[in-house]
Amino acid sequence: MHHMVDSYATLPRSGCWLAACWGNVKNAMSAAGSKPQLPSTIVRSDEGALVSAAKTGDLGAFEELVNRYEARIFRLTMNITQNREDAQDATQDAFLKSFQNLNRFQGDSRFYTWLVRIAVNEALMKLRKRRPNVVSLDEPVETEEDVIPHEIQDWDPTPEQRYARTEMNSILNEAIGKLDPIFRTVFLLRDVEQVSTEETAEALGISVPAVKSRLLRARLKLREILNPFFRRNATA
Amino acid sequence: MNCKGVIRELSSYLEGDLETTLLTDLEVHLKRCEDCRLIVDTTRKTIEIYCKAEPVPLPDDVRVRLHETLMRRLIRKSDA
C-alpha cells in the first residue's frame, strides 16, 4: 500500500483512495478502530505556503496553484457541463472566485477541495442556464430499477491498459455524460475528487442519505455503461 | 444476506465502512454467489478506472486564454 500512496503523492492531487487502500481494507477492518488513510489527507507540502502567499496578493503564487489544478478542474467542469465552452468559462470563473474569496478559506480542508466545490457550483450554474428543465438537484427520480444490475460479466484484470489515454478519457467522459447530472455530480465529487460525503452534501445542498443513494446509483449505472468496453474479450 | 442486500451494502463494503457482522454476512454470500462477486469486482474497477485516469493537459489555446484572462482581471482588481 505504501508504495502506491507515495507514487500518488507526487501527483497534483492525492490519487485514488480506493485503489490505494483496497488491498488493505480487510486488514484495516480487523485492526481495531483503524481505517485506511485517505489520500485526501496527503497534501503537497508547499500548498499551504502558496495559498498564504496568494492571500497576500501574490499573483505568481496563485498562478502556480492554477498551473497545478487547471487540468483537473477543466476535466471536472467538462464532465459536469458536457460542453467545452461552458467548461472553459466555469474553470475561469472558479479560479477568479477562489482568488477573490481566498480570505474566506480557513485552511480546515485542502485548498483543492475548496476549489472543487466552487468549480462544481460554477459548472452547475452553466448547465442550468443551458438546460434549465433538465437540471434539478432536488427532485431526483430514483427507482428500484436503477440498482438492478443487468450486465454481469467478468472484466479484464487491468481494463485501463486497453486504451490509450485520450481514448480512455473520451470513453469515460461519454459514459459520465449518459448519467443524469445529479448522479454524475455526486460521483465526480465523491469518487473522482474524493470530497467527503458530508462535504458533498453541503456543497450540493442535499442530505447525506441522498448523497449515498445517488452515489450507489451512479456507480452501478457507470458499471453497466462501461461493461462493453472492459469485459473480457470485448470488441467495443 | 441475499443479492439485494449486497447491492444495498455495496458502497459501504467498497469503502471499507461495513460493520463486522454485515461484513461477515456479505462475504459469506460472495463466496457462494458468482454474480455478486462479479458485480462487486466490476463496480470496484469502475471507480478505480475513474480515479486513475490522468486528465489530459489543457489544450494550449484554452490554457493561454485562461491564464491571460485571469492575470488581466486579477491585476486590474489588485490595482483598483
# chains A, B, ... in the order shown; residues from 1 in each chain; ligands from 1

call {"tool": "residues_around", "arguments": {"residues": "region 24-28 of chain B", "least_positions_apart": "4", "cutoff": "10 Å", "atoms": "only C-alpha atoms", "output": "list in words"}}
result
Met1, Asn2, Cys3, Gly5, Val6, Ile7, Glu9, Leu10, Tyr13, Leu18, Glu19, Thr20, Arg32, Cys33, Cys36 and Arg37 of chain B

call {"tool": "write_last_selection", "arguments": {"atoms": "C-alpha atoms", "output": "compact mmCIF listing (two decimals), in the first residue's frame"}}
result
# COMPACT_ATOMS: atom_id res chain seq x y z
CA MET B 1 -27.67 -11.86 3.21
CA ASN B 2 -29.19 -12.11 -0.27
CA CYS B 3 -28.20 -10.45 -3.57
CA GLY B 5 -28.56 -6.96 0.45
CA VAL B 6 -25.20 -6.99 -1.31
CA ILE B 7 -26.32 -4.16 -3.58
CA GLU B 9 -24.37 -2.53 1.27
CA LEU B 10 -22.13 -2.29 -1.81
CA TYR B 13 -18.32 -2.52 1.54
CA LEU B 18 -19.14 -2.06 6.83
CA GLU B 19 -19.54 -3.15 10.41
CA THR B 20 -18.25 -6.61 11.28
CA ARG B 32 -21.28 -18.74 -2.99
CA CYS B 33 -22.66 -16.19 -5.47
CA CYS B 36 -22.45 -10.79 -6.83
CA ARG B 37 -18.68 -11.34 -6.87

call {"tool": "residues_around", "arguments": {"residues": "region 56-72 of chain A", "least_positions_apart": "3", "cutoff": "7 Å", "atoms": "only C-alpha atoms", "output": "MDAnalysis selection string"}}
result
(chainID A and resid 12 50 52:53 75:76) or (chainID B and resid 55:58)

call {"tool": "write_last_selection", "arguments": {"atoms": "N, CA and C atoms", "output": "short mmCIF file (atom, residue, chain, number, x, y, z; two decimals), in the first residue's frame"}}
result
data_model
loop_
_atom_site.label_atom_id
_atom_site.label_comp_id
_atom_site.auth_asym_id
_atom_site.auth_seq_id
_atom_site.Cartn_x
_atom_site.Cartn_y
_atom_site.Cartn_z
N PRO A 12 -0.63 16.06 -8.79
CA PRO A 12 -1.23 17.30 -8.31
C PRO A 12 -2.28 17.07 -7.25
N LEU A 50 1.87 28.37 -0.71
CA LEU A 50 1.35 29.04 -1.92
C LEU A 50 0.04 29.77 -1.62
N SER A 52 -0.99 30.85 1.31
CA SER A 52 -0.71 32.02 2.16
C SER A 52 -0.19 33.18 1.34
N ALA A 53 0.74 32.88 0.41
CA ALA A 53 1.30 33.94 -0.43
C ALA A 53 0.21 34.56 -1.31
N ARG A 75 -11.32 19.25 -16.47
CA ARG A 75 -11.94 17.94 -16.70
C ARG A 75 -13.24 17.81 -15.90
N LEU A 76 -13.19 18.28 -14.66
CA LEU A 76 -14.38 18.22 -13.80
C LEU A 76 -15.53 19.03 -14.40
N PRO B 55 -5.91 13.38 -16.11
CA PRO B 55 -6.53 14.34 -17.02
C PRO B 55 -5.57 14.70 -18.15
N VAL B 56 -6.10 14.88 -19.33
CA VAL B 56 -5.28 15.33 -20.45
C VAL B 56 -4.91 16.78 -20.16
N PRO B 57 -3.63 17.17 -20.41
CA PRO B 57 -3.28 18.58 -20.18
C PRO B 57 -4.21 19.49 -20.98
N LEU B 58 -4.43 20.70 -20.47
CA LEU B 58 -5.30 21.62 -21.18
C LEU B 58 -4.79 21.88 -22.58
#

call {"tool": "interface_residues", "arguments": {"of": "chain B", "to": "chain A", "cutoff": "7 Å", "atoms": "only C-alpha atoms", "output": "MDAnalysis selection string"}}
result
chainID B and resid 11 16 35 38:39 42:43 46:52 55:58 66 70

call {"tool": "select_by_dssp", "arguments": {"residues": "chain B", "states": "alpha helix (DSSP H)", "output": "ChimeraX atom specification"}}
result
/B:3-14,20-32,34-52,60-79

call {"tool": "atom_distance", "arguments": {"atom1": "CA of Asn79 (chain A)", "atom2": "CA of Ala175 (chain A)"}}
result
9.6 Å

call {"tool": "atom_distance", "arguments": {"atom1": "CA of Ser207 (chain A)", "atom2": "CA of Ala87 (chain A)"}}
result
26.6 Å

call {"tool": "atom_distance", "arguments": {"atom1": "CA of Gly107 (chain A)", "atom2": "CA of Val51 (chain A)"}}
result
9.0 Å
